[in-house]
Amino acid sequence: MSANWYLVLSALLFSVGAGGVLVRRSPLVILLCLELMLNSSNLALITFSRNIGNADGQIFALVVMVVAAAEVVVGLGLIVAMYRRRLALDVDESRGLRG
């Protein structure tokens, strides 16, 4: 299978994730769409790394996975804090967490 198909799949997944971030209002769905975008970028990094023949893209993809895990921890913590304070779980209406 050629690398072009992996890049097309990566672009398709990234566009689906970007559309979900722009359209949805639920913070949980937005986090899931951000994860989809990060994973599609990982797919592109690994594809380019395999074409070039070195492991730099794969190492960078692992770093992106660590950043994605940290993003999920912070995001889910915010969602739980919003739920416990009985705030609106709508992104447009969530102004209660401002200092």
# chains A, B, ... in the order shown; residues from 1 in each chain; ligands from 1
>>> residues_around(residues="Ser40 of chain A", least_positions_apart="6", cutoff="8 Å", atoms="only C-alpha atoms", output="VMD selection string")
chain A and resid 9 to 11 13 to 14
>>> write_last_selection(atoms="N, CA, C and O atoms", output="CSV table (one decimal), in the first residue's frame")
chain,number,residue,atom,x,y,z
A,9,LEU,N,-5.9,9.2,4.2
A,9,LEU,CA,-6.6,8.9,5.4
A,9,LEU,C,-6.4,9.8,6.6
A,9,LEU,O,-7.3,10.2,7.3
A,10,SER,N,-5.1,10.2,6.7
A,10,SER,CA,-4.8,11.2,7.7
A,10,SER,C,-5.5,12.5,7.5
A,10,SER,O,-6.0,13.1,8.5
A,11,ALA,N,-5.5,13.0,6.3
A,11,ALA,CA,-6.2,14.3,6.0
A,11,ALA,C,-7.7,14.2,6.2
A,11,ALA,O,-8.3,15.1,6.7
A,13,LEU,N,-9.2,12.1,8.4
A,13,LEU,CA,-9.4,12.0,9.8
A,13,LEU,C,-9.2,13.4,10.5
A,13,LEU,O,-10.0,13.8,11.3
A,14,PHE,N,-8.3,14.2,10.0
A,14,PHE,CA,-8.0,15.5,10.5
A,14,PHE,C,-9.2,16.4,10.2
A,14,PHE,O,-9.6,17.2,11.0
>>> residues_around(residues="Ser41 of chain A", least_positions_apart="2", cutoff="9 Å", atoms="only C-alpha atoms", output="PyMOL selection string")
chain A and resi 10-11+13-14+36-39+43-46+61+64
>>> atom_distance(atom1="atom CA of Leu7 of chain A", atom2="atom CA of Thr47 of chain A")
7.3 Å
>>> atom_distance(atom1="atom CA of Val63 of chain A", atom2="atom CA of Val91 of chain A")
28.1 Å
>>> residues_around(residues="segment 67-80 of chain A", least_positions_apart="4", cutoff="12 Å", atoms="only C-alpha atoms", output="VMD selection string")
chain A and resid 26 to 39 41 to 42 60 to 63 84 to 91 94 96 to 98
>>> atom_distance(atom1="atom CA of Arg50 of chain A", atom2="atom CA of Ala3 of chain A")
8.8 Å
